[in-house]
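This is run_29.cif. It holds mmCIF, C-alpha atoms.
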data_target
loop_
_atom_site.label_atom_id
_atom_site.label_comp_id
_atom_site.auth_asym_id
_atom_site.auth_seq_id
_atom_site.Cartn_x
_atom_site.Cartn_y
_atom_site.Cartn_z
CA MET D 130 11.05 -0.19 -5.61
CA ASN D 131 11.60 -3.80 -6.69
CA ILE D 132 14.89 -3.95 -4.81
CA LEU D 133 13.37 -2.38 -1.70
CA ALA D 134 10.54 -4.93 -1.87
CA PHE D 135 13.05 -7.79 -2.19
CA VAL D 136 15.00 -6.58 0.88
CA CYS D 137 11.75 -6.13 2.81
CA GLY D 138 10.78 -9.69 1.85
CA LEU D 139 14.11 -11.00 3.13
CA VAL D 140 13.84 -9.11 6.44
CA PHE D 141 10.18 -10.08 6.86
CA SER D 142 11.04 -13.74 6.36
CA ILE D 143 14.02 -13.66 8.74
CA GLY D 144 11.72 -12.07 11.32
CA LEU D 145 9.24 -14.93 10.96
CA LEU D 146 12.03 -17.52 11.16
CA ILE D 147 13.75 -15.97 14.21
CA SER D 148 10.47 -15.63 16.08
CA GLY D 149 9.61 -19.28 15.40
CA MET D 150 6.31 -18.39 13.70
CA THR D 151 7.09 -20.74 10.80
CA SER D 152 6.67 -23.61 13.22
CA PRO D 153 3.07 -24.89 13.40
CA VAL D 154 3.68 -26.38 16.86
CA LYS D 155 4.60 -22.94 18.22
CA VAL D 156 1.60 -21.23 16.65
CA LEU D 157 -0.74 -23.99 17.81
CA SER D 158 0.56 -23.81 21.36
CA PHE D 159 -0.47 -20.15 21.31
CA LEU D 160 -3.90 -20.84 19.80
CA ASP D 161 -4.60 -23.82 22.07
CA VAL D 162 -5.19 -21.76 25.20
CA ALA D 163 -6.43 -24.82 27.10
CA GLY D 164 -3.13 -26.69 26.84
CA PRO D 165 0.37 -25.64 27.99
CA TRP D 166 0.27 -22.07 26.68
CA ASP D 167 3.06 -20.35 24.75
CA PRO D 168 2.26 -16.62 24.41
CA SER D 169 5.18 -15.95 21.98
CA LEU D 170 2.87 -15.20 19.03
CA ALA D 171 1.21 -12.34 20.92
CA LEU D 172 4.61 -10.80 21.66
CA VAL D 173 5.59 -11.11 17.98
CA MET D 174 2.42 -9.23 16.98
CA VAL D 175 2.84 -6.53 19.62
CA SER D 176 6.49 -6.03 18.72
CA ALA D 177 5.76 -5.94 14.97
CA VAL D 178 2.94 -3.41 15.37
CA ALA D 179 5.02 -1.26 17.75
CA VAL D 180 7.77 -0.94 15.12
CA ALA D 181 5.49 -0.68 12.05
CA LEU D 182 2.93 1.73 13.53
CA PRO D 183 4.95 4.97 13.45
CA MET D 184 6.24 4.23 9.94
CA VAL D 185 2.80 3.30 8.58
CA GLN D 186 1.20 6.32 10.26
CA LEU D 187 3.83 8.59 8.76
CA ALA D 188 3.29 7.00 5.34
CA SER D 189 -0.49 7.44 5.52
CA ARG D 190 -0.01 11.18 6.16
CA ARG D 191 2.10 11.56 3.02
CA GLU D 192 1.01 11.84 -0.61
CA GLN D 193 4.08 10.06 -1.88
CA ALA D 194 6.30 7.29 -0.58
CA LEU D 195 10.02 8.00 -0.11
CA LEU D 196 10.87 6.41 -3.47
CA GLY D 197 8.36 8.71 -5.18
CA ASP D 198 5.47 6.31 -5.81
CA ALA D 199 1.96 7.18 -4.69
CA ILE D 200 0.85 5.79 -1.33
CA ALA D 201 -1.37 2.89 -2.39
CA PHE D 202 -3.09 1.67 0.77
CA PRO D 203 -6.34 -0.28 0.41
CA PRO D 204 -9.49 1.86 0.83
CA ARG D 205 -11.31 1.73 4.18
CA VAL D 206 -14.50 0.00 3.10
CA GLY D 207 -15.85 -0.81 6.56
CA ILE D 208 -16.81 -4.13 8.09
CA THR D 209 -18.57 -6.30 5.53
CA ARG D 210 -20.07 -9.78 5.75
CA LYS D 211 -17.45 -10.93 3.28
CA LEU D 212 -14.66 -9.73 5.60
CA LEU D 213 -16.13 -11.54 8.61
CA ILE D 214 -16.95 -14.83 6.85
CA GLY D 215 -13.59 -14.88 5.05
CA SER D 216 -11.69 -14.22 8.27
CA ALA D 217 -13.64 -16.99 10.02
CA ILE D 218 -12.77 -19.48 7.25
CA PHE D 219 -9.13 -18.41 7.45
CA GLY D 220 -9.20 -18.80 11.25
CA ILE D 221 -10.46 -22.39 11.00
CA GLY D 222 -7.69 -23.31 8.54
CA TRP D 223 -5.12 -21.54 10.73
CA GLY D 224 -6.31 -23.36 13.86
CA LEU D 225 -6.22 -26.73 12.06
CA SER D 226 -2.67 -26.35 10.73
CA GLY D 227 -0.87 -23.60 12.67
CA LEU D 228 0.15 -21.93 9.40
CA CYS D 229 -0.88 -18.75 7.63
CA PRO D 230 0.31 -17.37 4.26
CA GLY D 231 3.51 -15.59 5.41
CA PRO D 232 4.94 -18.47 7.45
CA SER D 233 3.91 -20.90 4.71
CA LEU D 234 6.22 -19.09 2.25
CA ALA D 235 8.96 -18.52 4.84
CA SER D 236 9.10 -22.23 5.71
CA LEU D 237 9.36 -23.56 2.14
CA GLY D 238 13.13 -23.92 2.71
CA ALA D 239 12.39 -26.73 5.16
CA CYS D 240 11.52 -28.83 2.08
CA THR D 241 9.07 -31.15 3.84
CA TRP D 242 6.07 -32.68 2.05
CA GLN D 243 3.84 -31.03 4.65
CA ASN D 244 5.08 -27.54 3.74
CA GLY D 245 4.79 -28.25 0.01
CA LEU D 246 1.29 -29.69 0.31
CA PHE D 247 0.04 -26.81 2.47
CA PHE D 248 1.50 -24.26 0.05
CA LEU D 249 -0.12 -25.89 -3.01
CA ALA D 250 -3.46 -26.27 -1.24
CA MET D 251 -3.33 -22.61 -0.17
CA ILE D 252 -2.72 -21.53 -3.77
CA ALA D 253 -5.61 -23.73 -4.89
CA GLY D 254 -7.81 -22.05 -2.27
CA MET D 255 -6.80 -18.58 -3.49
CA LEU D 256 -7.47 -19.50 -7.12
CA SER D 257 -10.83 -21.07 -6.28
CA HIS D 258 -11.86 -17.86 -4.54
CA GLU D 259 -10.92 -15.89 -7.65
CA THR D 260 -12.88 -18.27 -9.88
CA TRP D 261 -15.89 -17.96 -7.58
CA GLN D 262 -15.61 -14.16 -7.58
CA ARG D 263 -15.51 -14.02 -11.36
CA ALA D 264 -18.52 -16.32 -11.62
CA CYS D 265 -20.39 -14.11 -9.13
CA GLN D 266 -19.52 -10.96 -11.02
CA SER D 267 -20.67 -12.27 -14.38
CA ALA D 268 -23.86 -13.60 -12.79
CA ARG D 269 -24.52 -10.16 -11.27
CA THR D 270 -23.88 -8.46 -14.61
CA CYS D 271 -26.33 -10.86 -16.23
CA THR D 272 -29.01 -10.09 -13.65
CA ARG D 273 -28.48 -6.38 -14.10
CA GLU D 274 -28.75 -6.69 -17.85
CA ILE D 275 -31.89 -8.75 -17.54
CA GLY D 276 -33.28 -6.19 -15.11
CA THR D 277 -32.77 -3.24 -17.44
CA HIS D 278 -34.38 -4.91 -20.44
CA MET E 158 -7.35 -24.31 33.16
CA LEU E 159 -6.75 -21.66 30.51
CA PHE E 160 -3.59 -19.67 29.84
CA GLN E 161 -1.26 -21.92 31.85
CA LEU E 162 2.13 -20.60 30.83
CA ASP E 163 4.52 -23.12 29.32
CA PHE E 164 7.83 -21.60 30.38
CA THR E 165 9.91 -24.16 28.48
CA ALA E 166 8.27 -23.20 25.17
CA PHE E 167 7.91 -19.44 25.71
CA THR E 168 10.66 -17.52 23.85
CA PRO E 169 10.12 -13.81 24.63
CA ALA E 170 13.50 -12.54 23.36
CA THR E 171 13.33 -14.09 19.88
CA ALA E 172 9.61 -13.25 19.68
CA ILE E 173 10.31 -9.55 20.29
CA ALA E 174 13.38 -9.51 18.00
CA GLY E 175 11.62 -11.38 15.17
CA GLY E 176 8.50 -9.25 15.56
CA ALA E 177 10.60 -6.08 15.33
CA LEU E 178 12.11 -7.29 12.02
CA ILE E 179 8.63 -8.10 10.67
CA GLY E 180 7.44 -4.63 11.71
CA LEU E 181 10.53 -2.99 10.23
CA ALA E 182 9.99 -4.74 6.87
CA ALA E 183 6.28 -3.84 6.79
CA GLY E 184 7.00 -0.25 7.83
CA ALA E 185 9.79 0.17 5.28
CA LEU E 186 7.58 -1.14 2.46
CA ALA E 187 4.80 1.27 3.50
CA LEU E 188 7.02 4.31 3.90
CA GLY E 189 9.46 3.56 1.08
CA ALA E 190 7.14 2.16 -1.57
CA GLY E 191 3.65 3.07 -0.35
CA LYS E 192 2.57 -0.57 -0.28
CA ILE E 193 0.95 -2.79 2.33
CA ALA E 194 2.95 -5.92 3.19
CA GLY E 195 -0.02 -8.28 3.21
CA ILE E 196 1.17 -11.69 2.07
CA SER E 197 -2.21 -13.10 1.03
CA GLY E 198 -3.02 -9.99 -1.01
CA ILE E 199 0.38 -9.88 -2.69
CA LEU E 200 0.39 -13.61 -3.47
CA GLY E 201 -3.28 -13.66 -4.52
CA SER E 202 -2.94 -10.65 -6.83
CA THR E 203 0.14 -12.16 -8.44
CA LEU E 204 -1.73 -15.44 -9.01
CA ASN E 205 -4.67 -13.55 -10.54
CA ASP E 206 -2.33 -11.73 -12.90
CA LEU E 207 -0.70 -14.98 -13.93
CA THR E 208 -4.03 -16.71 -14.62
CA THR E 209 -5.30 -13.79 -16.70
CA ARG E 210 -1.97 -13.59 -18.53
CA ALA E 211 -1.39 -10.08 -17.21
CA ARG E 212 2.09 -9.03 -16.16
CA PRO E 213 2.39 -9.32 -12.37
CA GLU E 214 3.67 -6.20 -10.62
CA GLY E 215 7.43 -6.34 -10.15
CA TRP E 216 7.49 -5.31 -6.47
CA ARG E 217 5.05 -8.10 -5.60
CA VAL E 218 7.21 -10.72 -7.28
CA THR E 219 10.45 -9.51 -5.68
CA PHE E 220 8.83 -9.23 -2.22
CA LEU E 221 7.59 -12.83 -2.42
CA GLY E 222 10.95 -13.86 -3.87
CA GLY E 223 12.70 -12.27 -0.88
CA ILE E 224 10.59 -14.26 1.58
CA VAL E 225 11.23 -17.58 -0.15
CA ALA E 226 14.93 -16.79 -0.77
CA ALA E 227 15.50 -16.03 2.93
CA SER E 228 13.91 -19.36 3.82
CA PHE E 229 16.30 -21.33 1.59
CA ILE E 230 19.33 -19.27 2.69
CA TRP E 231 18.37 -19.91 6.33
CA ALA E 232 18.09 -23.64 5.56
CA LEU E 233 21.76 -23.66 4.47
CA PHE E 234 22.90 -22.65 7.96
CA ALA E 235 20.23 -23.85 10.37
CA PRO E 236 17.11 -26.01 10.28
CA VAL E 237 13.98 -24.06 9.34
CA PRO E 238 11.60 -24.20 12.32
CA ALA E 239 8.74 -26.22 10.82
CA ALA E 240 7.99 -28.85 13.42
CA GLY E 241 4.55 -29.94 14.47
CA PHE E 242 2.67 -30.44 11.23
CA GLY E 243 1.46 -33.93 11.95
CA GLU E 244 1.20 -36.66 9.37
CA SER E 245 -2.40 -36.33 8.28
CA TRP E 246 -2.31 -35.17 4.66
CA PRO E 247 -6.07 -34.58 4.35
CA VAL E 248 -5.99 -32.20 7.34
CA ILE E 249 -3.03 -30.28 5.89
CA ALA E 250 -4.69 -30.06 2.46
CA ILE E 251 -8.05 -28.90 3.87
CA ALA E 252 -6.33 -26.36 6.13
CA GLY E 253 -4.35 -24.97 3.18
CA LEU E 254 -7.51 -24.64 1.07
CA LEU E 255 -9.35 -22.85 3.90
CA VAL E 256 -6.42 -20.48 4.55
CA GLY E 257 -6.09 -19.63 0.85
CA PHE E 258 -9.82 -19.13 0.26
CA GLY E 259 -10.50 -17.37 3.57
CA THR E 260 -7.64 -14.87 3.36
CA ARG E 261 -8.73 -13.82 -0.13
CA MET E 262 -12.40 -13.59 0.84
CA GLY E 263 -11.54 -11.65 4.00
CA SER E 264 -8.98 -9.51 2.12
CA GLY E 265 -6.10 -10.26 4.45
CA CYS E 266 -4.17 -12.50 6.82
CA ALA E 267 -2.02 -12.07 9.91
CA SER E 268 0.37 -9.72 8.07
CA GLY E 269 -2.11 -7.58 6.13
CA HIS E 270 -4.86 -7.21 8.75
CA GLY E 271 -2.67 -8.02 11.74
CA VAL E 272 0.58 -6.10 11.39
CA CYS E 273 -0.32 -3.53 8.71
CA GLY E 274 -4.03 -3.06 9.40
CA LEU E 275 -3.54 -2.58 13.13
CA SER E 276 -0.68 -0.16 12.40
CA ARG E 277 -3.11 1.85 10.27
CA LEU E 278 -5.51 1.79 13.25
CA SER E 279 -8.08 0.28 10.89
CA VAL E 280 -11.32 -0.78 12.60
CA ARG E 281 -12.01 -3.13 9.70
CA SER E 282 -8.69 -4.92 10.23
CA ALA E 283 -9.21 -5.06 14.00
CA ALA E 284 -12.54 -6.80 13.36
CA ALA E 285 -10.86 -9.26 10.98
CA VAL E 286 -8.12 -10.02 13.54
CA ALA E 287 -10.70 -10.57 16.30
CA VAL E 288 -12.63 -13.01 14.07
CA PHE E 289 -9.67 -15.07 12.80
CA MET E 290 -8.10 -15.17 16.28
CA SER E 291 -11.36 -16.41 17.84
CA PHE E 292 -11.97 -19.03 15.16
CA GLY E 293 -8.29 -20.04 15.22
CA ILE E 294 -8.36 -20.50 19.01
CA ALA E 295 -11.67 -22.39 18.95
CA THR E 296 -10.47 -24.69 16.16
CA ALA E 297 -7.10 -25.36 17.81
CA VAL E 298 -8.64 -26.04 21.24
CA LEU E 299 -11.16 -28.48 19.73
CA SER E 300 -8.87 -30.18 17.21
CA GLN E 301 -6.11 -30.81 19.76
CA ARG E 302 -8.63 -32.79 21.82
CA ILE E 303 -10.26 -34.94 19.14
#
Would you mind writing the file out in structure tokens?
Amino acid sequence: MNILAFVCGLVFSIGLLISGMTSPVKVLSFLDVAGPWDPSLALVMVSAVAVALPMVQLASRREQALLGDAIAFPPRVGITRKLLIGSAIFGIGWGLSGLCPGPSLASLGACTWQNGLFFLAMIAGMLSHETWQRACQSARTCTREIGTH
Amino acid sequence: MLFQLDFTAFTPATAIAGGALIGLAAGALALGAGKIAGISGILGSTLNDLTTRARPEGWRVTFLGGIVAASFIWALFAPVPAAGFGESWPVIAIAGLLVGFGTRMGSGCASGHGVCGLSRLSVRSAAAVAVFMSFGIATAVLSQRI
């Protein structure tokens, strides 16, 4: 499975690089619908979903993946406030920079200070979310304990 | 005027070809390994494991390694498309923080909710995509004019 994941990572990255999605200017000229508009990003998404959909649908109807591991897709928990607020925060960062997590990793080979800085800041953002989550959880446990006593 | 096509920038052939490779990789990981190719989830979980001194899952590490390796291999033969960042380091830093925090809070990014979630026909992911697309468009339209 580790080898398959490595190959998938390579192919995924080459897909991002070929499509130009590692380039903030290309992503921003899709998002900025009021300027000269480049719809490439929409085509990338449509093409990716068209290829992935039959494979993902087939996988979700199976108990086991082809390599024998259990199908471990995230549970369908419905639309929560957390999902909406988190996606909004992500959207603002995406619209400011033209980069999201995949392209950020796939463009590290460019070795520019902008790529490095964005990557480190993104990791800091992920870690700060985790820290916040843990603080929330322990606070909730405390309240529950106080409530039962 | 909205949606005025920029024909010099529009690259339909490479967009479709690149998208197909992204879809193929996501589909193969789902069908072959039973995993969702969501970059923010894979990176975030690996970071959490590292900070709690747990052993990160091997497939996550090799998947991320594959993405970064391809980028450096590509750089040996052709320039990595990375133009258009601007020079403002505070903007880049703030954007990175927001992307990192937001994708973890919203449980996904353009790959997890976008490619994989939509392929699962997940209503939850469709809602996430609608929200980050709208906020991304609004932010880009405003920030390109300030």
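Using all atoms listed in the file, the protein and nucleic acid residues lying no more than 6 Å from segment 264-274 of chain E, apart from those fewer than 4 places from it along its own chain, are Val178 of chain D; Gly195, Ser197, Thr260, Ser279 and Ser282 of chain E.
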Review point. Can you tell me, as a PyMOL selection string, what residues are no more than 9 Å from segment 201-204 of chain E when counting only C-alpha atoms, ignoring any on the same chain fewer than 4 positions away?
Key: (chain D and resi 252+255-256+259) or (chain E and resi 196-197+208-209+212-214+217-218+257+261)
Check your understanding: Can you list, as a list in words, every protein, DNA or RNA residue that comes within 10 Å of Ala239 of chain D when you count only C-alpha atoms, leaving out same-chain residues fewer than 4 positions away?
Key -> Thr151, Ala235, Gln243, Asn244 and Gly245 of chain D; Ser228, Phe229, Trp231, Ala232, Leu233, Ala235, Pro236, Val237, Pro238, Ala239 and Ala240 of chain E
Review point. Quick one: residues within 9 Å of Val180 of chain D, all atoms listed in the file counted, chain neighbours fewer than 6 positions away excluded, as an MDAnalysis selection string?
Key: chainID E and resid 176:181 183:184 276
Practice item. Mind checking which residues fall within 7 Å of Pro153 of chain D, counting all atoms listed in the file, ignoring those fewer than 5 positions away in the same chain, and posting them as a PyMOL selection string? Key: (chain D and resi 226-228) or (chain E and resi 239-242)
Point to revise | Nearest candidate to Thr241 of chain D (options E:Glu244, E:Phe164, E:Gly215, E:Leu221; using only C-alpha atoms) | key: E:Glu244
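Shortest atom-to-atom contact with chain D among E:Ile199, E:Ala211, E:Ala194, E:Leu159: E:Leu159, counting only C-alpha atoms.
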Exercise for review: Could you tell me which residues the PyMOL selection byres ((chain E and resi 251) around 9) grabs in this file, written as a ChimeraX atom specification?
Suggested key: /D:222,225,247,250-251 /E:246-250,252-256
Review point. Any idea what the distance is between atom CA of Asp163 of chain E and atom CA of Val173 of chain D?
Key: 16.6 Å
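When the PyMOL selection byres ((chain D and resi 188-202) around 9) is evaluated on the file shown here, the picked residues come out as Met130, Pro183, Met184, Val185, Gln186, Leu187, Pro203, Pro204 and Arg205 of chain D; Gly184, Ala187, Leu188, Gly189, Ala190, Gly191, Lys192, Ile193 and Arg277 of chain E.
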Point to revise | Atomic distance atom CA of Gly149 of chain D - atom CA of Ile303 of chain E, expressed in Å with one decimal | key: 25.6 Å
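Residues matched by the PyMOL selection byres ((chain D and resi 144) around 9) in this structure: Leu139, Val140, Phe141, Ser142, Ile143, Leu145, Leu146, Ile147, Ser148, Gly149 and Met150 of chain D; Thr171, Ala172, Ala174, Gly175, Gly176, Ala177, Leu178, Ile179, Gly180 and Ala182 of chain E.
Between atom CA of Ser233 of chain D and atom CA of Phe234 of chain E there is a distance of 19.3 Å.
Between Val154 of chain D and the candidates D:Ile208, D:Ala177, D:Leu170, D:Val136, the tightest atom-to-atom separation, counting all atoms listed in the file, involves D:Leu170.
Using all atoms listed in the file, the nearest neighbour of chain E within the list D:Pro232, D:Thr209, D:Arg269, D:Val162 is D:Val162.
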Reconstructed N, CA and C atoms for segment 229-262 of chain D, given as an mmCIF file, in the frame of the given file:
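Ended up saving to selection-v7.cif:
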data_model
loop_
_atom_site.group_PDB
_atom_site.id
_atom_site.type_symbol
_atom_site.label_atom_id
_atom_site.label_comp_id
_atom_site.auth_asym_id
_atom_site.auth_seq_id
_atom_site.Cartn_x
_atom_site.Cartn_y
_atom_site.Cartn_z
ATOM 1 N N CYS D 229 -0.183 -19.742 8.444
ATOM 2 C CA CYS D 229 -0.880 -18.750 7.630
ATOM 3 C C CYS D 229 0.019 -18.402 6.434
ATOM 4 N N PRO D 230 -0.430 -17.542 5.517
ATOM 5 C CA PRO D 230 0.310 -17.370 4.260
ATOM 6 C C PRO D 230 1.787 -16.973 4.413
ATOM 7 N N GLY D 231 2.114 -16.007 5.269
ATOM 8 C CA GLY D 231 3.510 -15.590 5.410
ATOM 9 C C GLY D 231 4.421 -16.728 5.848
ATOM 10 N N PRO D 232 4.135 -17.338 6.992
ATOM 11 C CA PRO D 232 4.940 -18.470 7.450
ATOM 12 C C PRO D 232 4.977 -19.634 6.460
ATOM 13 N N SER D 233 3.896 -19.830 5.697
ATOM 14 C CA SER D 233 3.910 -20.900 4.710
ATOM 15 C C SER D 233 5.017 -20.664 3.686
ATOM 16 N N LEU D 234 5.154 -19.419 3.205
ATOM 17 C CA LEU D 234 6.220 -19.090 2.250
ATOM 18 C C LEU D 234 7.593 -19.152 2.926
ATOM 19 N N ALA D 235 7.668 -18.625 4.159
ATOM 20 C CA ALA D 235 8.960 -18.520 4.840
ATOM 21 C C ALA D 235 9.481 -19.873 5.311
ATOM 22 N N SER D 236 8.635 -20.914 5.274
ATOM 23 C CA SER D 236 9.100 -22.230 5.710
ATOM 24 C C SER D 236 9.309 -23.180 4.542
ATOM 25 N N LEU D 237 9.174 -22.676 3.303
ATOM 26 C CA LEU D 237 9.360 -23.560 2.140
ATOM 27 C C LEU D 237 10.764 -24.161 2.114
ATOM 28 N N GLY D 238 11.753 -23.431 2.679
ATOM 29 C CA GLY D 238 13.130 -23.920 2.710
ATOM 30 C C GLY D 238 13.296 -25.189 3.532
ATOM 31 N N ALA D 239 12.317 -25.496 4.370
ATOM 32 C CA ALA D 239 12.390 -26.730 5.160
ATOM 33 C C ALA D 239 12.262 -27.958 4.260
ATOM 34 N N CYS D 240 11.647 -27.759 3.068
ATOM 35 C CA CYS D 240 11.520 -28.830 2.080
ATOM 36 C C CYS D 240 10.886 -30.106 2.648
ATOM 37 N N THR D 241 9.800 -29.962 3.398
ATOM 38 C CA THR D 241 9.070 -31.150 3.840
ATOM 39 C C THR D 241 7.822 -31.279 2.976
ATOM 40 N N TRP D 242 7.286 -32.498 2.868
ATOM 41 C CA TRP D 242 6.070 -32.680 2.050
ATOM 42 C C TRP D 242 4.906 -31.912 2.663
ATOM 43 N N GLN D 243 4.925 -31.763 3.993
ATOM 44 C CA GLN D 243 3.840 -31.030 4.650
ATOM 45 C C GLN D 243 3.816 -29.569 4.198
ATOM 46 N N ASN D 244 5.000 -28.942 4.164
ATOM 47 C CA ASN D 244 5.080 -27.540 3.740
ATOM 48 C C ASN D 244 4.646 -27.386 2.285
ATOM 49 N N GLY D 245 5.131 -28.314 1.434
ATOM 50 C CA GLY D 245 4.790 -28.250 0.010
ATOM 51 C C GLY D 245 3.305 -28.425 -0.213
ATOM 52 N N LEU D 246 2.725 -29.407 0.475
ATOM 53 C CA LEU D 246 1.290 -29.690 0.310
ATOM 54 C C LEU D 246 0.457 -28.504 0.779
ATOM 55 N N PHE D 247 0.807 -27.954 1.952
ATOM 56 C CA PHE D 247 0.040 -26.810 2.470
ATOM 57 C C PHE D 247 0.099 -25.647 1.494
ATOM 58 N N PHE D 248 1.301 -25.369 0.980
ATOM 59 C CA PHE D 248 1.500 -24.260 0.050
ATOM 60 C C PHE D 248 0.633 -24.441 -1.205
ATOM 61 N N LEU D 249 0.667 -25.647 -1.790
ATOM 62 C CA LEU D 249 -0.120 -25.890 -3.010
ATOM 63 C C LEU D 249 -1.613 -25.793 -2.729
ATOM 64 N N ALA D 250 -2.037 -26.331 -1.585
ATOM 65 C CA ALA D 250 -3.460 -26.270 -1.240
ATOM 66 C C ALA D 250 -3.890 -24.818 -1.020
ATOM 67 N N MET D 251 -3.003 -24.026 -0.409
ATOM 68 C CA MET D 251 -3.330 -22.610 -0.170
ATOM 69 C C MET D 251 -3.495 -21.870 -1.498
ATOM 70 N N ILE D 252 -2.610 -22.160 -2.454
ATOM 71 C CA ILE D 252 -2.720 -21.530 -3.770
ATOM 72 C C ILE D 252 -4.019 -21.960 -4.459
ATOM 73 N N ALA D 253 -4.353 -23.251 -4.317
ATOM 74 C CA ALA D 253 -5.610 -23.730 -4.890
ATOM 75 C C ALA D 253 -6.794 -23.004 -4.263
ATOM 76 N N GLY D 254 -6.740 -22.774 -2.954
ATOM 77 C CA GLY D 254 -7.810 -22.050 -2.270
ATOM 78 C C GLY D 254 -7.932 -20.621 -2.771
ATOM 79 N N MET D 255 -6.790 -19.956 -2.986
ATOM 80 C CA MET D 255 -6.800 -18.580 -3.490
ATOM 81 C C MET D 255 -7.392 -18.532 -4.897
ATOM 82 N N LEU D 256 -6.980 -19.477 -5.743
ATOM 83 C CA LEU D 256 -7.470 -19.500 -7.120
ATOM 84 C C LEU D 256 -8.967 -19.827 -7.159
ATOM 85 N N SER D 257 -9.410 -20.722 -6.268
ATOM 86 C CA SER D 257 -10.830 -21.070 -6.280
ATOM 87 C C SER D 257 -11.668 -19.874 -5.826
ATOM 88 N N HIS D 258 -11.129 -19.077 -4.916
ATOM 89 C CA HIS D 258 -11.860 -17.860 -4.540
ATOM 90 C C HIS D 258 -11.986 -16.914 -5.720
ATOM 91 N N GLU D 259 -10.907 -16.771 -6.484
ATOM 92 C CA GLU D 259 -10.920 -15.890 -7.650
ATOM 93 C C GLU D 259 -11.939 -16.384 -8.684
ATOM 94 N N THR D 260 -11.940 -17.691 -8.914
ATOM 95 C CA THR D 260 -12.880 -18.270 -9.880
ATOM 96 C C THR D 260 -14.326 -17.996 -9.437
ATOM 97 N N TRP D 261 -14.560 -18.192 -8.160
ATOM 98 C CA TRP D 261 -15.890 -17.960 -7.580
ATOM 99 C C TRP D 261 -16.298 -16.492 -7.727
ATOM 100 N N GLN D 262 -15.345 -15.592 -7.450
ATOM 101 C CA GLN D 262 -15.610 -14.160 -7.580
ATOM 102 C C GLN D 262 -15.996 -13.789 -9.003
#
